[in-house]
Amino acid sequence: MAACGWLFLIFAFFVGASLGSFAGAAACRAEAGEKWWGLERSRCVSCGAVLAPRDLVPVLSFIALRGRCRFCGARIPVRDFIAELACGVLCAVFFLRFGFSYSFLFSSASLLFLAFHTLTDAETGYIYDSWAFAMAGAGLALRLAGGASAVIDGAAGAAAGFCFIWAVVLLSRGRMGTGDAVLMLGVGAFTGLKFAAAALYAGFLLGCAAVLPLLAAGKVTRKTAVPLGPFLCAGCAAAFIFGGSAAGFFGFSVPWPWGA
Ligand SMILES: [Zn+2]
């Protein structure tokens, strides 16, 4: 890769890491029942010290501070670091896959929401409706660039994802929450109809791959509530990356913007 290609790749990594960092802070505030918007300065959760910009550089600050607060020495939550790193890597992969294109814009923007839902669902088993609706709104708004058919495709993906999970919830007789259905509204608006199916397929596959070994080892029972949201989010990212190839394999056309 040419030098400027590497520069763009590093840029993509830090865009993703910044989105992951913001999602981590927003998830933390949402779980604490605080408002996550506004211009309040970020603070250490242990000592309350106002953090300087050098403490807030995604990924690098955590490494430079060796995972501890500069002021009180308390451990910085490692999940925030993992969220930053994972979003950075995913965004770089999206850039490698799509280059500068609408596909890259869609997939990278979705990381903010995917990271937020993954964190809150894994931590508390709760999907925040407001964030799922905001994700759906953002997805449909981005689709305006592709014209009416692109917006309709997003609405169809959202509706199909919602109805599919809703049907699973009914069949499971309440063992599954309806939050995942609302989450699929957001995912479907970004993916469109065909890739929503791919995201669901990949999400359930990843969920089974993670849970079956735990079941076999007796670490979880069939009654344990395992959050599905993180797997649906991972399935969404997988659909972005592999959906085009899968569609080609099965002889389907690739819908906008994923054909770029
Ligand atoms: Zn501190």
# chains A, B, ... in the order shown; residues from 1 in each chain; ligands from 1
call {"tool": "closest_atom_pairs", "arguments": {"of": "chain A", "to": "ligand 1", "cutoff": "12 Å", "atoms": "only C-alpha atoms and all ligand atoms", "output": "tab-separated table"}}
result
residue	atom	partner	partner_atom_place_in_ligand_line	distance
A:Ser42	CA	ligand 1	1 (Zn)	11.2
A:Arg43	CA	ligand 1	1 (Zn)	7.9
A:Cys44	CA	ligand 1	1 (Zn)	4.6
A:Val45	CA	ligand 1	1 (Zn)	6.5
A:Ser46	CA	ligand 1	1 (Zn)	4.9
A:Cys47	CA	ligand 1	1 (Zn)	4.0
A:Gly48	CA	ligand 1	1 (Zn)	6.1
A:Ala49	CA	ligand 1	1 (Zn)	5.9
A:Val50	CA	ligand 1	1 (Zn)	8.8
A:Leu51	CA	ligand 1	1 (Zn)	8.8
A:Ala52	CA	ligand 1	1 (Zn)	12.0
A:Asp55	CA	ligand 1	1 (Zn)	11.1
A:Leu65	CA	ligand 1	1 (Zn)	11.6
A:Gly67	CA	ligand 1	1 (Zn)	11.1
A:Arg68	CA	ligand 1	1 (Zn)	7.9
A:Cys69	CA	ligand 1	1 (Zn)	4.6
A:Arg70	CA	ligand 1	1 (Zn)	6.6
A:Phe71	CA	ligand 1	1 (Zn)	5.0
A:Cys72	CA	ligand 1	1 (Zn)	4.1
A:Gly73	CA	ligand 1	1 (Zn)	6.0
A:Ala74	CA	ligand 1	1 (Zn)	5.6
A:Arg75	CA	ligand 1	1 (Zn)	8.2
A:Ile76	CA	ligand 1	1 (Zn)	8.5
A:Pro77	CA	ligand 1	1 (Zn)	11.5
call {"tool": "residues_around", "arguments": {"residues": "Trp131 in chain A", "least_positions_apart": "2", "cutoff": "12 Å", "atoms": "only C-alpha atoms", "output": "PyMOL selection string"}}
result
chain A and resi 23+26-27+30+36+110+112-118+120+126-129+133-138+179+182-187
call {"tool": "residues_around", "arguments": {"residues": "range 140-151 of chain A", "least_positions_apart": "3", "cutoff": "10 Å", "atoms": "only C-alpha atoms", "output": "ChimeraX atom specification"}}
result
/A:102,105-106,109,134-137,154-158,186,188-190,192,255-257
call {"tool": "atom_distance", "arguments": {"atom1": "CA of Ser172 in chain A", "atom2": "CA of Phe231 in chain A"}}
result
17.7 Å
call {"tool": "closest_atom_pairs", "arguments": {"of": "range 167-256 of chain A", "to": "range 87-97 of chain A", "cutoff": "12 Å", "atoms": "only C-alpha atoms", "output": "tab-separated table"}}
result
residue	atom	partner	partner_atom	distance
A:Cys233	CA	A:Cys87	CA	11.8
A:Ala234	CA	A:Leu90	CA	10.3
A:Cys236	CA	A:Leu90	CA	11.7
A:Ala237	CA	A:Leu90	CA	8.0
A:Ala238	CA	A:Leu90	CA	9.8
A:Ala239	CA	A:Phe94	CA	11.3
A:Phe240	CA	A:Phe94	CA	8.0
A:Ile241	CA	A:Phe94	CA	6.8
A:Phe242	CA	A:Arg97	CA	9.3
A:Gly243	CA	A:Arg97	CA	11.3
A:Gly244	CA	A:Arg97	CA	10.2
A:Ser245	CA	A:Arg97	CA	11.0
call {"tool": "select_by_dssp", "arguments": {"residues": "range 12-243 of chain A", "states": "strand (DSSP E or B)", "output": "count of residues only"}}
result
4
call {"tool": "select_by_dssp", "arguments": {"residues": "range 12-243 of chain A", "states": "alpha helix (DSSP H)", "output": "ChimeraX atom specification"}}
result
/A:12-31,60-64,78-98,102-124,129-143,148-171,179-191,193-216,229-243
call {"tool": "residues_around", "arguments": {"residues": "range 207-220 of chain A", "least_positions_apart": "3", "cutoff": "12 Å", "atoms": "only C-alpha atoms", "output": "tab-separated table (two decimals) with C-alpha atoms, in the first residue's frame"}}
result
chain	number	residue	atom	x	y	z
A	199	ALA	CA	-27.06	-9.72	9.71
A	200	LEU	CA	-29.71	-11.86	11.42
A	201	TYR	CA	-28.21	-15.05	10.01
A	202	ALA	CA	-24.68	-14.10	11.03
A	203	GLY	CA	-25.88	-12.85	14.42
A	204	PHE	CA	-27.68	-16.07	15.33
A	223	LYS	CA	-32.56	-20.89	31.43
A	224	THR	CA	-29.67	-18.42	31.55
A	225	ALA	CA	-30.54	-15.11	29.89
A	226	VAL	CA	-27.80	-14.57	27.29
A	227	PRO	CA	-27.99	-11.13	25.64
A	228	LEU	CA	-28.53	-11.43	21.90
A	229	GLY	CA	-27.85	-7.77	21.12
A	230	PRO	CA	-24.04	-7.98	20.96
A	231	PHE	CA	-24.32	-10.89	18.52
A	232	LEU	CA	-26.83	-9.06	16.32
A	233	CYS	CA	-24.44	-6.07	16.28
A	234	ALA	CA	-21.53	-8.35	15.34
A	235	GLY	CA	-23.76	-9.93	12.69
call {"tool": "closest_residue", "arguments": {"among": "A:Ile10, A:Ala3, A:Cys163, A:Val57", "to": "Phe81 in chain A", "atoms": "only C-alpha atoms"}}
result
A:Val57
call {"tool": "atom_distance", "arguments": {"atom1": "CA of Phe104 in chain A", "atom2": "CA of Gly16 in chain A"}}
result
11.2 Å
call {"tool": "atom_distance", "arguments": {"atom1": "CA of Ala12 in chain A", "atom2": "CA of Ser253 in chain A"}}
result
27.8 Å
call {"tool": "decode", "arguments": {"residues": "range 59-86 of chain A", "atoms": "N, CA, C and O atoms", "output": "compact mmCIF listing (two decimals), in the first residue's frame"}}
result
# COMPACT_ATOMS: atom_id res chain seq x y z
N VAL A 59 -7.61 4.75 22.70
CA VAL A 59 -6.62 3.68 22.68
C VAL A 59 -5.27 4.14 23.27
O VAL A 59 -4.77 3.53 24.22
N LEU A 60 -4.70 5.23 22.74
CA LEU A 60 -3.34 5.62 23.13
C LEU A 60 -3.27 6.08 24.59
O LEU A 60 -2.31 5.73 25.29
N SER A 61 -4.28 6.84 25.05
CA SER A 61 -4.24 7.31 26.44
C SER A 61 -4.24 6.14 27.41
O SER A 61 -3.49 6.13 28.39
N PHE A 62 -5.08 5.16 27.12
CA PHE A 62 -5.18 3.99 28.00
C PHE A 62 -3.82 3.29 28.10
O PHE A 62 -3.38 2.91 29.19
N ILE A 63 -3.16 3.17 26.95
CA ILE A 63 -1.85 2.50 26.93
C ILE A 63 -0.82 3.36 27.66
O ILE A 63 -0.06 2.87 28.50
N ALA A 64 -0.82 4.68 27.38
CA ALA A 64 0.17 5.57 27.99
C ALA A 64 -0.01 5.63 29.51
O ALA A 64 0.97 5.71 30.26
N LEU A 65 -1.27 5.56 29.96
CA LEU A 65 -1.54 5.64 31.40
C LEU A 65 -1.52 4.26 32.06
O LEU A 65 -1.78 4.13 33.25
N ARG A 66 -1.22 3.24 31.26
CA ARG A 66 -1.24 1.85 31.73
C ARG A 66 -2.56 1.51 32.42
O ARG A 66 -2.60 0.81 33.43
N GLY A 67 -3.65 2.06 31.85
CA GLY A 67 -4.98 1.68 32.34
C GLY A 67 -5.36 2.27 33.68
O GLY A 67 -6.30 1.78 34.30
N ARG A 68 -4.64 3.32 34.13
CA ARG A 68 -4.98 3.90 35.43
C ARG A 68 -5.18 5.40 35.33
O ARG A 68 -4.58 6.07 34.49
N CYS A 69 -6.03 5.94 36.22
CA CYS A 69 -6.28 7.37 36.27
C CYS A 69 -4.99 8.10 36.67
O CYS A 69 -4.30 7.69 37.60
N ARG A 70 -4.69 9.21 35.98
CA ARG A 70 -3.49 10.00 36.25
C ARG A 70 -3.53 10.60 37.67
O ARG A 70 -2.49 10.81 38.29
N PHE A 71 -4.73 10.86 38.17
CA PHE A 71 -4.86 11.58 39.43
C PHE A 71 -4.96 10.64 40.64
O PHE A 71 -4.29 10.85 41.64
N CYS A 72 -5.81 9.62 40.55
CA CYS A 72 -6.04 8.79 41.74
C CYS A 72 -5.52 7.37 41.58
O CYS A 72 -5.50 6.60 42.54
N GLY A 73 -5.12 6.99 40.34
CA GLY A 73 -4.56 5.66 40.16
C GLY A 73 -5.59 4.55 40.03
O GLY A 73 -5.23 3.38 39.90
N ALA A 74 -6.89 4.92 40.04
CA ALA A 74 -7.93 3.90 39.90
C ALA A 74 -7.89 3.31 38.48
O ALA A 74 -7.51 4.00 37.53
N ARG A 75 -8.28 2.07 38.36
CA ARG A 75 -8.28 1.43 37.05
C ARG A 75 -9.34 2.05 36.14
O ARG A 75 -10.47 2.27 36.56
N ILE A 76 -8.95 2.32 34.89
CA ILE A 76 -9.91 2.78 33.89
C ILE A 76 -10.62 1.53 33.37
O ILE A 76 -9.94 0.53 33.10
N PRO A 77 -11.97 1.55 33.26
CA PRO A 77 -12.67 0.34 32.82
C PRO A 77 -12.08 -0.22 31.53
O PRO A 77 -11.98 0.50 30.53
N VAL A 78 -11.67 -1.50 31.56
CA VAL A 78 -11.00 -2.08 30.41
C VAL A 78 -11.98 -2.26 29.26
O VAL A 78 -11.60 -2.29 28.10
N ARG A 79 -13.29 -2.32 29.57
CA ARG A 79 -14.27 -2.51 28.49
C ARG A 79 -14.26 -1.30 27.56
O ARG A 79 -14.51 -1.42 26.37
N ASP A 80 -13.99 -0.08 28.12
CA ASP A 80 -13.92 1.10 27.28
C ASP A 80 -12.76 0.99 26.29
O ASP A 80 -12.88 1.35 25.12
N PHE A 81 -11.63 0.49 26.80
CA PHE A 81 -10.46 0.31 25.94
C PHE A 81 -10.75 -0.71 24.84
O PHE A 81 -10.42 -0.49 23.68
N ILE A 82 -11.41 -1.81 25.22
CA ILE A 82 -11.73 -2.85 24.23
C ILE A 82 -12.70 -2.30 23.19
O ILE A 82 -12.56 -2.57 21.99
N ALA A 83 -13.67 -1.48 23.63
CA ALA A 83 -14.63 -0.90 22.68
C ALA A 83 -13.91 0.01 21.69
O ALA A 83 -14.18 -0.02 20.48
N GLU A 84 -12.96 0.82 22.20
CA GLU A 84 -12.21 1.72 21.32
C GLU A 84 -11.39 0.92 20.31
O GLU A 84 -11.39 1.21 19.11
N LEU A 85 -10.70 -0.10 20.82
CA LEU A 85 -9.84 -0.91 19.97
C LEU A 85 -10.66 -1.64 18.90
O LEU A 85 -10.32 -1.63 17.71
N ALA A 86 -11.76 -2.27 19.33
CA ALA A 86 -12.59 -3.05 18.41
C ALA A 86 -13.18 -2.15 17.32
O ALA A 86 -13.17 -2.51 16.14
